[in-house]
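Asks: One file is attached below, coords-v4.cif, containing mmCIF, C-alpha atoms.
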```cif
data_my_file
#
loop_
_atom_site.label_atom_id
_atom_site.label_comp_id
_atom_site.auth_asym_id
_atom_site.auth_seq_id
_atom_site.Cartn_x
_atom_site.Cartn_y
_atom_site.Cartn_z
CA MET U 1 6.39 -13.07 1.65
CA LYS U 2 6.84 -14.56 -1.82
CA ARG U 3 5.61 -18.04 -2.77
CA THR U 4 8.93 -19.66 -3.66
CA VAL U 5 8.51 -23.21 -2.29
CA GLY U 6 7.33 -25.89 -4.71
CA LEU U 7 6.15 -29.45 -4.05
CA GLY U 8 9.69 -30.85 -3.81
CA GLY U 9 10.73 -28.12 -1.40
CA ALA U 10 7.67 -28.70 0.78
CA VAL U 11 8.42 -32.44 0.93
CA VAL U 12 12.05 -31.96 2.00
CA ILE U 13 10.97 -29.41 4.62
CA ILE U 14 8.49 -31.84 6.18
CA ILE U 15 10.65 -34.97 6.00
CA GLY U 16 13.70 -33.08 7.20
CA PHE U 17 11.73 -31.85 10.20
CA VAL U 18 10.01 -35.11 11.09
CA ILE U 19 12.95 -37.50 10.65
CA GLY U 20 15.32 -36.20 13.27
CA VAL U 21 17.97 -37.64 15.53
CA ALA U 22 15.23 -39.20 17.69
CA ILE U 23 14.80 -42.15 15.31
CA PHE U 24 18.49 -42.95 15.86
CA ILE U 25 18.05 -43.04 19.65
CA LEU U 26 14.47 -43.57 20.86
CA PRO U 27 13.53 -46.96 19.30
CA GLY U 28 16.32 -48.72 21.16
CA ALA U 29 15.66 -46.97 24.47
CA LEU U 30 11.93 -47.70 24.26
CA ALA U 31 12.40 -51.30 23.14
CA ALA U 32 14.25 -51.95 26.40
CA SER U 33 10.84 -51.89 28.12
CA THR U 34 8.43 -52.84 25.31
CA GLY U 35 10.50 -55.59 23.71
CA PRO U 36 9.94 -56.21 19.98
CA ALA U 37 6.47 -54.68 20.43
CA ILE U 38 8.09 -51.25 19.98
CA VAL U 39 6.79 -51.69 16.43
CA ILE U 40 3.26 -51.45 17.90
CA SER U 41 4.16 -48.25 19.79
CA TYR U 42 5.33 -46.65 16.57
CA ALA U 43 2.23 -47.87 14.75
CA LEU U 44 -0.02 -46.24 17.37
CA ALA U 45 2.02 -43.05 17.15
CA SER U 46 1.64 -43.09 13.36
CA LEU U 47 -2.16 -43.22 13.75
CA MET U 48 -2.00 -39.95 15.65
CA ALA U 49 0.29 -38.54 12.97
CA LEU U 50 -2.19 -39.51 10.25
CA PHE U 51 -4.97 -37.54 11.93
CA SER U 52 -2.67 -34.54 12.40
CA CYS U 53 -1.72 -34.67 8.71
CA VAL U 54 -5.36 -34.64 7.57
CA VAL U 55 -6.20 -31.70 9.83
CA ALA U 56 -3.04 -29.90 8.67
CA VAL U 57 -4.16 -30.35 5.06
CA GLN U 58 -7.53 -28.78 5.84
CA ILE U 59 -6.04 -25.86 7.79
CA GLY U 60 -3.34 -25.27 5.17
CA SER U 61 -5.84 -25.28 2.31
CA VAL U 62 -8.13 -22.72 3.93
CA PHE U 63 -5.32 -20.62 5.47
CA PRO U 64 -2.39 -20.75 3.00
CA VAL U 65 -0.59 -17.93 4.83
CA THR U 66 2.56 -17.40 6.87
CA GLY U 67 1.99 -18.44 10.50
CA GLY U 68 -1.10 -20.42 9.49
CA SER U 69 -1.75 -22.04 12.87
CA PHE U 70 -1.96 -18.67 14.63
CA VAL U 71 -4.14 -17.24 11.87
CA ALA U 72 -6.48 -20.25 11.87
CA VAL U 73 -6.96 -20.53 15.62
CA GLY U 74 -7.10 -16.76 16.09
CA ARG U 75 -9.73 -16.43 13.36
CA LEU U 76 -11.86 -19.43 14.30
CA ILE U 77 -11.61 -19.59 18.11
CA SER U 78 -9.99 -16.46 19.55
CA PRO U 79 -6.79 -14.42 19.19
CA PHE U 80 -5.87 -15.42 22.75
CA TRP U 81 -5.82 -19.13 21.89
CA GLY U 82 -4.01 -18.37 18.66
CA PHE U 83 -1.25 -16.78 20.72
CA ILE U 84 -1.14 -19.62 23.26
CA ILE U 85 -0.52 -22.38 20.71
CA VAL U 86 2.22 -20.39 19.02
CA TRP U 87 3.71 -19.60 22.43
CA LEU U 88 3.85 -23.32 23.10
CA MET U 89 5.47 -24.20 19.79
CA ILE U 90 7.97 -21.34 19.79
CA GLY U 91 9.16 -22.12 23.32
CA GLY U 92 9.21 -25.85 22.74
CA SER U 93 10.94 -25.53 19.37
CA ALA U 94 13.66 -23.29 20.76
CA ILE U 95 14.43 -25.94 23.37
CA VAL U 96 14.33 -28.75 20.82
CA ILE U 97 16.71 -26.87 18.52
CA GLY U 98 19.25 -26.61 21.29
CA LEU U 99 18.92 -30.22 22.35
CA LEU U 100 19.04 -31.60 18.79
CA SER U 101 22.22 -29.62 18.38
CA PHE U 102 23.64 -31.57 21.31
CA GLY U 103 22.56 -34.76 19.55
CA PHE U 104 24.56 -33.58 16.54
CA ALA U 105 27.55 -32.91 18.78
CA ASP U 106 27.30 -36.32 20.46
CA TYR U 107 27.43 -38.17 17.14
CA LEU U 108 30.25 -35.98 15.86
CA GLN U 109 32.25 -36.90 18.95
CA LEU U 110 32.07 -40.55 17.88
CA ILE U 111 34.39 -39.61 15.01
CA TRP U 112 36.45 -36.91 16.69
CA PRO U 113 36.52 -37.62 20.42
CA GLY U 114 37.51 -34.74 22.62
CA LEU U 115 35.65 -32.04 20.72
CA ASN U 116 33.83 -29.55 22.94
CA ARG U 117 30.18 -30.63 22.95
CA THR U 118 28.72 -27.23 23.79
CA LEU U 119 30.88 -25.44 21.22
CA ILE U 120 29.82 -27.83 18.44
CA ALA U 121 26.14 -27.34 19.28
CA PHE U 122 26.60 -23.56 19.46
CA LEU U 123 28.32 -23.40 16.07
CA LEU U 124 25.68 -25.60 14.42
CA VAL U 125 22.84 -23.30 15.49
CA CYS U 126 24.78 -20.26 14.28
CA ALA U 127 25.60 -21.89 10.94
CA LEU U 128 22.04 -22.95 10.20
CA GLY U 129 20.72 -19.59 11.36
CA GLY U 130 23.05 -17.98 8.83
CA LEU U 131 21.82 -20.36 6.13
CA ASN U 132 18.23 -19.28 6.78
CA LEU U 133 19.22 -15.61 6.65
CA LEU U 134 20.60 -16.15 3.13
CA GLY U 135 17.14 -17.04 1.84
CA ILE U 136 14.66 -19.89 1.74
CA LYS U 137 15.98 -21.19 -1.60
CA ASP U 138 19.50 -21.54 -0.21
CA ALA U 139 18.12 -23.15 2.94
CA LEU U 140 16.12 -25.64 0.86
CA ILE U 141 19.15 -26.66 -1.22
CA GLY U 142 21.03 -27.59 1.94
CA GLN U 143 17.87 -29.19 3.36
CA GLY U 144 17.38 -31.29 0.24
CA LEU U 145 20.92 -32.67 0.37
CA MET U 146 20.54 -33.57 4.05
CA VAL U 147 17.18 -35.28 3.52
CA VAL U 148 18.33 -37.36 0.54
CA SER U 149 21.42 -38.63 2.38
CA LEU U 150 19.34 -39.34 5.48
CA LEU U 151 16.68 -41.38 3.67
CA LEU U 152 19.22 -43.39 1.66
CA ALA U 153 21.19 -44.30 4.77
CA LEU U 154 18.14 -45.34 6.79
CA LEU U 155 16.77 -47.42 3.92
CA VAL U 156 20.14 -49.17 3.45
CA PHE U 157 20.21 -49.97 7.16
CA ALA U 158 16.57 -51.11 7.23
CA LEU U 159 16.90 -53.39 4.21
CA ALA U 160 20.12 -54.91 5.59
CA GLY U 161 18.34 -55.41 8.91
CA LEU U 162 15.48 -57.26 7.25
CA ILE U 163 17.93 -59.51 5.38
CA HIS U 164 19.70 -60.38 8.65
CA LEU U 165 16.49 -60.53 10.69
CA ASP U 166 16.57 -63.15 13.46
CA ILE U 167 12.99 -64.29 14.12
CA ASP U 168 14.00 -65.70 17.50
CA LYS U 169 14.82 -62.18 18.69
CA LEU U 170 11.19 -61.18 18.10
CA THR U 171 9.86 -63.59 20.70
CA PRO U 172 8.39 -63.04 23.17
CA PHE U 173 6.90 -60.16 21.21
CA MET U 174 5.40 -58.34 24.20
CA PRO U 175 7.47 -59.55 27.18
CA ASN U 176 6.25 -56.96 29.70
CA GLY U 177 2.62 -56.72 28.62
CA PHE U 178 0.74 -53.94 26.86
CA SER U 179 1.16 -51.14 29.42
CA PRO U 180 4.81 -50.34 28.49
CA VAL U 181 3.83 -50.46 24.81
CA LEU U 182 1.11 -47.87 25.36
CA ALA U 183 3.36 -45.71 27.54
CA ALA U 184 6.07 -45.79 24.85
CA THR U 185 3.59 -44.33 22.36
CA VAL U 186 4.03 -40.88 23.96
CA PRO U 187 7.80 -40.50 23.39
CA ALA U 188 7.49 -42.47 20.11
CA PHE U 189 5.17 -39.74 18.84
CA PHE U 190 8.06 -37.34 19.33
CA SER U 191 9.66 -39.05 16.33
CA TYR U 192 6.52 -38.26 14.29
CA ALA U 193 6.13 -34.69 15.50
CA GLY U 194 6.47 -32.03 12.86
CA PHE U 195 4.02 -32.68 10.02
CA MET U 196 2.12 -29.52 10.93
CA VAL U 197 5.16 -27.36 10.19
CA ILE U 198 3.76 -27.06 6.66
CA ILE U 199 1.00 -24.82 8.05
CA GLU U 200 3.53 -22.25 9.27
CA ILE U 201 5.06 -21.66 5.82
CA GLY U 202 1.80 -21.83 3.85
CA GLY U 203 2.31 -18.25 2.66
CA GLU U 204 5.51 -19.28 0.83
CA ILE U 205 4.22 -22.41 -0.93
CA LYS U 206 3.32 -22.28 -4.61
CA ASN U 207 -0.20 -23.49 -5.50
CA PRO U 208 -0.94 -24.37 -1.84
CA SER U 209 -4.31 -26.04 -2.47
CA ARG U 210 -2.47 -28.69 -4.55
CA ASN U 211 1.00 -28.81 -3.05
CA ILE U 212 0.15 -28.87 0.67
CA PRO U 213 -2.01 -32.05 0.48
CA LEU U 214 0.44 -33.76 -1.90
CA ALA U 215 3.47 -32.83 0.20
CA LEU U 216 1.87 -34.20 3.37
CA ALA U 217 0.73 -37.42 1.64
CA ILE U 218 4.20 -38.10 0.20
CA SER U 219 5.96 -37.19 3.45
CA PHE U 220 3.70 -39.25 5.72
CA SER U 221 3.98 -42.35 3.51
CA THR U 222 7.76 -42.03 3.37
CA VAL U 223 8.21 -41.50 7.11
CA LEU U 224 5.83 -44.35 8.01
CA LEU U 225 7.74 -46.77 5.77
CA VAL U 226 11.15 -45.73 7.09
CA TYR U 227 10.15 -45.81 10.77
CA THR U 228 8.48 -49.21 10.49
CA LEU U 229 11.48 -50.75 8.74
CA VAL U 230 14.01 -49.19 11.12
CA SER U 231 12.18 -50.27 14.30
CA VAL U 232 11.81 -53.84 13.00
CA ALA U 233 15.47 -53.94 11.96
CA ILE U 234 16.72 -52.78 15.37
CA VAL U 235 14.83 -55.38 17.42
CA GLY U 236 15.49 -58.05 14.79
CA VAL U 237 19.27 -57.59 15.01
CA ILE U 238 19.88 -56.69 18.69
CA PRO U 239 18.16 -58.58 21.55
CA TRP U 240 15.74 -56.19 23.21
CA GLN U 241 17.31 -56.95 26.62
CA GLU U 242 20.55 -55.26 25.45
CA LEU U 243 19.00 -52.15 23.94
CA GLY U 244 18.65 -50.27 27.23
CA GLU U 245 22.44 -50.09 27.51
CA ILE U 246 23.06 -48.90 23.93
CA ASN U 247 23.07 -45.14 23.26
CA ALA U 248 23.22 -45.39 19.46
CA PRO U 249 21.13 -48.46 18.51
CA VAL U 250 21.07 -47.77 14.77
CA GLY U 251 24.84 -47.37 14.70
CA GLU U 252 25.33 -50.48 16.85
CA ALA U 253 22.99 -52.60 14.74
CA ALA U 254 24.56 -51.34 11.51
CA GLY U 255 27.99 -52.29 12.85
CA ARG U 256 26.81 -55.87 13.41
CA ILE U 257 25.41 -56.49 9.91
CA LEU U 258 27.23 -54.13 7.53
CA PRO U 259 30.86 -53.45 6.53
CA GLY U 260 32.59 -50.97 8.83
CA TRP U 261 32.71 -48.10 6.37
CA VAL U 262 28.99 -48.46 5.55
CA ALA U 263 28.08 -48.63 9.23
CA THR U 264 30.11 -45.51 9.91
CA GLY U 265 28.37 -43.72 7.06
CA ILE U 266 24.95 -44.64 8.43
CA THR U 267 25.94 -43.48 11.90
CA LEU U 268 27.04 -40.16 10.41
CA THR U 269 23.58 -39.61 8.94
CA ALA U 270 22.48 -38.84 12.49
CA LEU U 271 24.40 -35.60 11.92
CA ALA U 272 22.27 -34.85 8.86
CA ALA U 273 19.12 -35.78 10.81
CA ALA U 274 19.91 -33.39 13.65
CA ALA U 275 20.99 -30.60 11.31
CA SER U 276 17.94 -30.92 9.03
CA SER U 277 15.53 -30.80 11.98
CA VAL U 278 17.24 -27.69 13.39
CA ASN U 279 17.19 -26.07 9.96
CA VAL U 280 13.44 -26.58 9.44
CA MET U 281 12.57 -25.40 12.95
CA LEU U 282 14.37 -22.14 12.32
CA LEU U 283 12.70 -21.91 8.92
CA GLY U 284 9.16 -22.72 10.02
CA TYR U 285 8.67 -21.23 13.46
CA SER U 286 10.35 -17.91 12.73
CA ARG U 287 7.28 -17.35 10.50
CA ASP U 288 4.97 -17.64 13.50
CA LEU U 289 6.85 -14.79 15.15
CA VAL U 290 6.17 -12.67 12.07
CA ALA U 291 2.43 -13.40 12.27
CA LEU U 292 2.33 -12.48 15.96
CA ALA U 293 4.29 -9.28 15.35
CA LYS U 294 1.92 -8.21 12.56
CA ALA U 295 -0.95 -8.60 14.99
CA ARG U 296 0.95 -6.56 17.62
CA VAL U 297 1.06 -9.45 20.12
CA LEU U 298 4.85 -9.26 19.82
CA PRO U 299 6.92 -6.14 19.03
CA THR U 300 6.55 -5.00 15.42
CA LEU U 301 10.34 -5.18 15.03
CA LEU U 302 9.93 -8.93 14.51
CA GLU U 303 7.90 -8.54 11.32
CA LYS U 304 10.79 -6.93 9.46
CA VAL U 305 11.72 -8.72 6.23
CA SER U 306 14.61 -8.09 3.88
CA GLY U 307 16.38 -9.48 0.83
CA LYS U 308 15.03 -10.66 -2.50
CA GLU U 309 13.09 -13.47 -0.86
CA GLN U 310 11.80 -11.30 1.99
CA GLN U 311 13.40 -13.21 4.87
CA PRO U 312 12.12 -12.42 8.41
CA VAL U 313 15.58 -11.45 9.67
CA ASN U 314 14.75 -10.41 13.20
CA SER U 315 12.46 -13.38 13.82
CA ILE U 316 15.15 -15.79 12.65
CA LEU U 317 17.69 -14.08 14.89
CA LEU U 318 15.34 -14.34 17.87
CA MET U 319 14.82 -18.08 17.27
CA VAL U 320 18.59 -18.53 17.02
CA THR U 321 19.10 -16.59 20.25
CA LEU U 322 16.53 -18.67 22.15
CA ALA U 323 18.15 -21.86 20.87
CA LEU U 324 21.60 -20.67 21.91
CA VAL U 325 20.29 -20.03 25.42
CA THR U 326 19.21 -23.69 25.50
CA VAL U 327 22.65 -24.76 24.31
CA VAL U 328 24.30 -22.82 27.11
CA ILE U 329 21.94 -24.33 29.71
CA GLY U 330 22.46 -27.86 28.34
CA GLY U 331 20.30 -30.97 28.32
CA LYS U 332 19.57 -34.30 26.65
CA ILE U 333 17.09 -35.14 23.91
CA SER U 334 15.65 -38.04 25.92
CA ASP U 335 14.67 -35.63 28.72
CA LEU U 336 12.80 -33.46 26.23
CA ALA U 337 10.78 -36.05 24.29
CA THR U 338 7.78 -36.25 26.65
CA LEU U 339 7.79 -32.50 27.41
CA ILE U 340 7.67 -31.47 23.76
CA VAL U 341 4.97 -34.07 23.07
CA VAL U 342 2.84 -32.58 25.85
CA ALA U 343 3.13 -29.16 24.20
CA LEU U 344 2.38 -30.66 20.79
CA LEU U 345 -0.70 -32.48 22.07
CA VAL U 346 -2.17 -29.26 23.49
CA PHE U 347 -1.38 -27.62 20.15
CA GLN U 348 -3.20 -30.40 18.27
CA ILE U 349 -6.27 -30.26 20.51
CA VAL U 350 -6.72 -26.55 19.89
CA LEU U 351 -5.97 -26.85 16.16
CA GLY U 352 -8.41 -29.75 15.83
CA ALA U 353 -11.11 -27.65 17.50
CA ALA U 354 -10.37 -24.78 15.11
CA ALA U 355 -10.52 -27.03 12.04
CA LEU U 356 -13.87 -28.39 13.22
CA LEU U 357 -15.31 -24.86 12.99
CA ILE U 358 -14.16 -24.16 9.42
CA PRO U 359 -17.32 -25.24 7.53
CA ARG U 360 -19.54 -23.19 9.84
CA LYS U 361 -17.46 -20.05 10.37
CA MET U 362 -15.70 -19.85 7.01
CA ALA U 363 -18.11 -21.55 4.63
CA VAL U 364 -17.06 -19.54 1.55
CA GLN U 365 -13.32 -20.09 2.08
CA TYR U 366 -14.01 -23.77 2.78
CA GLU U 367 -15.91 -24.17 -0.48
CA ASN U 368 -13.16 -22.38 -2.42
CA SER U 369 -10.25 -24.15 -0.74
CA GLY U 370 -10.14 -27.01 -3.21
CA LEU U 371 -10.39 -29.53 -0.36
CA ARG U 372 -13.71 -30.47 1.21
CA MET U 373 -13.58 -33.70 3.19
CA GLY U 374 -17.34 -34.10 3.48
CA LYS U 375 -19.90 -33.97 6.27
CA ILE U 376 -18.70 -37.23 7.82
CA ALA U 377 -14.95 -37.25 7.15
CA HIS U 378 -14.38 -33.65 8.29
CA PRO U 379 -15.69 -34.01 11.87
CA PHE U 380 -14.32 -37.58 12.07
CA PHE U 381 -10.72 -36.46 11.60
CA CYS U 382 -11.07 -33.24 13.62
CA VAL U 383 -12.76 -34.89 16.59
CA GLY U 384 -10.49 -37.92 16.19
CA LEU U 385 -7.40 -35.73 16.51
CA ILE U 386 -8.84 -34.07 19.63
CA VAL U 387 -9.78 -37.39 21.29
CA LEU U 388 -6.49 -39.13 20.44
CA SER U 389 -4.49 -36.11 21.63
CA LEU U 390 -6.45 -35.97 24.90
CA ALA U 391 -5.92 -39.69 25.47
CA LEU U 392 -2.19 -39.42 24.87
CA LEU U 393 -2.03 -36.27 27.01
CA VAL U 394 -3.63 -38.13 29.94
CA THR U 395 -1.16 -40.98 29.43
CA ALA U 396 1.75 -38.54 29.46
CA THR U 397 0.45 -36.69 32.55
CA VAL U 398 -0.07 -39.88 34.56
CA GLY U 399 3.28 -41.29 33.50
CA SER U 400 5.25 -38.08 34.05
CA PRO U 401 3.42 -35.56 36.28
CA GLY U 402 6.55 -33.46 36.70
CA THR U 403 6.79 -32.94 32.95
CA ALA U 404 3.12 -31.97 32.78
CA LEU U 405 3.72 -29.43 35.57
CA VAL U 406 6.58 -27.84 33.64
CA GLY U 407 4.40 -27.62 30.54
CA GLY U 408 1.53 -26.10 32.52
CA SER U 409 3.86 -23.52 34.06
CA PHE U 410 5.07 -22.48 30.62
CA ILE U 411 1.48 -22.04 29.41
CA LEU U 412 0.69 -19.94 32.50
CA THR U 413 3.68 -17.71 31.73
CA GLY U 414 2.26 -17.15 28.25
CA VAL U 415 -1.15 -16.26 29.67
CA VAL U 416 0.41 -13.69 32.00
CA TYR U 417 2.44 -12.17 29.14
CA PHE U 418 -0.64 -11.90 26.90
CA PHE U 419 -2.71 -10.02 29.47
CA LEU U 420 0.19 -7.78 30.51
CA ARG U 421 0.79 -6.92 26.85
CA ASN U 422 -2.93 -6.29 26.43
CA ALA U 423 -2.98 -3.95 29.45
CA HIS U 424 0.11 -2.09 28.23
CA LEU U 425 -1.39 -1.40 24.81
CA ALA U 426 -4.79 -0.53 26.28
CA LYS U 427 -3.17 2.44 28.03
CA LYS U 428 -2.38 3.72 24.53
CA ASP U 429 -5.98 3.09 23.47
CA ILE U 430 -4.82 0.07 21.46
CA HIS U 431 -6.99 -2.97 22.02
CA ILE U 432 -4.94 -6.01 21.17
CA GLU U 433 -7.77 -8.43 20.40
CA ASP U 434 -9.40 -5.92 18.03
CA ARG U 435 -6.10 -5.37 16.23
CA ILE U 436 -5.46 -9.10 16.02
CA GLN U 437 -8.92 -9.75 14.61
CA ALA U 438 -8.52 -6.95 12.06
CA GLU U 439 -5.13 -8.31 11.01
CA LEU U 440 -6.49 -11.83 10.76
CA ASP U 441 -9.42 -10.64 8.65
CA ALA U 442 -7.04 -8.81 6.31
CA ILE U 443 -4.76 -11.81 5.95
CA THR U 444 -7.60 -14.26 5.47
CA LEU U 445 -9.26 -12.19 2.77
CA GLU U 446 -6.07 -11.62 0.72
#
```
Re-express the file's structure as structure tokens.

Replies:
Amino acid sequence: MKRTVGLGGAVVIIIGFVIGVAIFILPGALAASTGPAIVISYALASLMALFSCVVAVQIGSVFPVTGGSFVAVGRLISPFWGFIIVWLMIGGSAIVIGLLSFGFADYLQLIWPGLNRTLIAFLLVCALGGLNLLGIKDALIGQGLMVVSLLLALLVFALAGLIHLDIDKLTPFMPNGFSPVLAATVPAFFSYAGFMVIIEIGGEIKNPSRNIPLALAISFSTVLLVYTLVSVAIVGVIPWQELGEINAPVGEAAGRILPGWVATGITLTALAAAASSVNVMLLGYSRDLVALAKARVLPTLLEKVSGKEQQPVNSILLMVTLALVTVVIGGKISDLATLIVVALLVFQIVLGAAALLIPRKMAVQYENSGLRMGKIAHPFFCVGLIVLSLALLVTATVGSPGTALVGGSFILTGVVYFFLRNAHLAKKDIHIEDRIQAELDAITLE
């Protein structure tokens, strides 16, 4: 695929993915148990996000290729684990796309009550799938417009919230103790999930050794500022005791402190948030399907590209189809938050382990990558990501064992598929791990 994405495009891809409809819903729901200390939950979640960003920079600099997470893990650990992490993210992302589309539909119904929720979600997925089929440049133009409107609206709300901040509403700061604050860190991290999407489109980014680190630095700083201001504004305007009964806390808080037309405009940005997240998921994770198809883990039909910008048509269509299945089944974003975080945490543990091996297994590429963190910083961030992810994974498992069971079942399904696929190809004297390793070597050495 051609390198057509510059620094600005990379930034809007990341921010558009990370800032989704969750920030319009989760802070209020979580504050109902944490109180004003929801700010601490988001701060802890941001620490995890910082470690994931640093590791993503290192992976992206050494593996600036399409489907970088699969390539990196497959090359450094094993092709099997490379497949498993992509299996997790593809399945999880397809579900998230469908559920975010319902979030879009729910906010649209605030303006036009009576619209069919499932039909709206269905049409959104189809429309954004079509946008991606037109080409990455066209997708980025639409993405850029959505991201700009989203950031402006959230900043207007946050600044107005700080102006009208009622200090009395911030006390007691931690009414139910620290345990709910720690537990809220898991779903709060869902709002930060997505920085690693930059790895999946590394093969389409211009000057990746410069633009990937810069894009992640700009995006992380922007998201951290916006999330901190928004969470403070919500609990500073609405008493935390009321937040559990409010489905749209940002819209409710905006309605209390801003003129009606401004509040309505801010509420509508939830539409842009949902749409931009769906758009980037289709854009980013369809590239993982291409990488798997090239390595023969998935049917080679999925590696087909067409058009001037070499769009992976069949992979995009498959992602759209999986998302539409989710739309038909139905669901709520709040039910998904912990499940997708569990998948993401497993993903981060494996990717952190892979990044830790880079200096030893790919010394030449590491030296030539343009980014060497040093003998202390490199293991610190890699091991830190693994430890933090494990800690949060244990918290999620203890707090929601049923969710962990669902996630484990999905991983087991992927394991079964991999070995069945391996056995099928072996009958044709095709050894899947050898082919994957050969493909990874070819990609890595390009």

Asks: Kindly indicate which residue among U:Gly194, U:Pro379, U:Pro187, U:Gly60 lies nearest to Ser41 (chain U), using all atoms listed in the file for the distances.

Replies: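 For Ser41 (chain U), the nearest of the candidates is U:Pro187.
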
Asks: Might you spell out which residues the PyMOL selection byres ((chain U and resi 148) around 12) would select in the displayed file, as a ChimeraX atom specification?

Replies: /U:8,11-13,15-16,19,140-147,149-155,222,269,272-273,276

Asks: Taking into account only C-alpha atoms, which residue in the set U:Asn422, U:Ser286, U:Thr413, U:Ser52 is nearest to Ala355 (chain U)?

Replies: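 Ranking U:Asn422, U:Ser286, U:Thr413, U:Ser52 by distance to Ala355 (chain U), first place goes to U:Ser52.
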
Asks: Residues picked by the PyMOL selection byres ((chain U and resi 164) around 12) here, as a list in words?

Replies: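 Against this file, the PyMOL selection byres ((chain U and resi 164) around 12) returns the residues Phe157, Ala158, Leu159, Ala160, Gly161, Leu162, Ile163, Leu165, Asp166, Ile167, Asp168, Lys169, Val232, Ala233, Ile234, Val235, Gly236, Val237, Ile238, Ala253, Ala254, Arg256, Ile257 and Leu258 of chain U.
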
Asks: For a test of reading the model, state the distance in Å between CA of Val55 (chain U) and CA of Ala396 (chain U), rounded to one decimal.

Replies: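 Distance reported for this atom pair: 22.3 Å.
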
Asks: Restricting the calculation to all atoms listed in the file: of U:Ala248, U:Ile84, U:Met319, U:Leu44, which residue gets closest to Ala391 (chain U)?

Replies: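 Ranking U:Ala248, U:Ile84, U:Met319, U:Leu44 by distance to Ala391 (chain U), first place goes to U:Leu44.
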
Asks: Report, in Å to a single decimal, how far apart CA of Phe104 (chain U) and CA of Arg117 (chain U) are.

Replies: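 Computed distance, CA of Arg117 (chain U) to CA of Phe104 (chain U), equals 9.0 Å.
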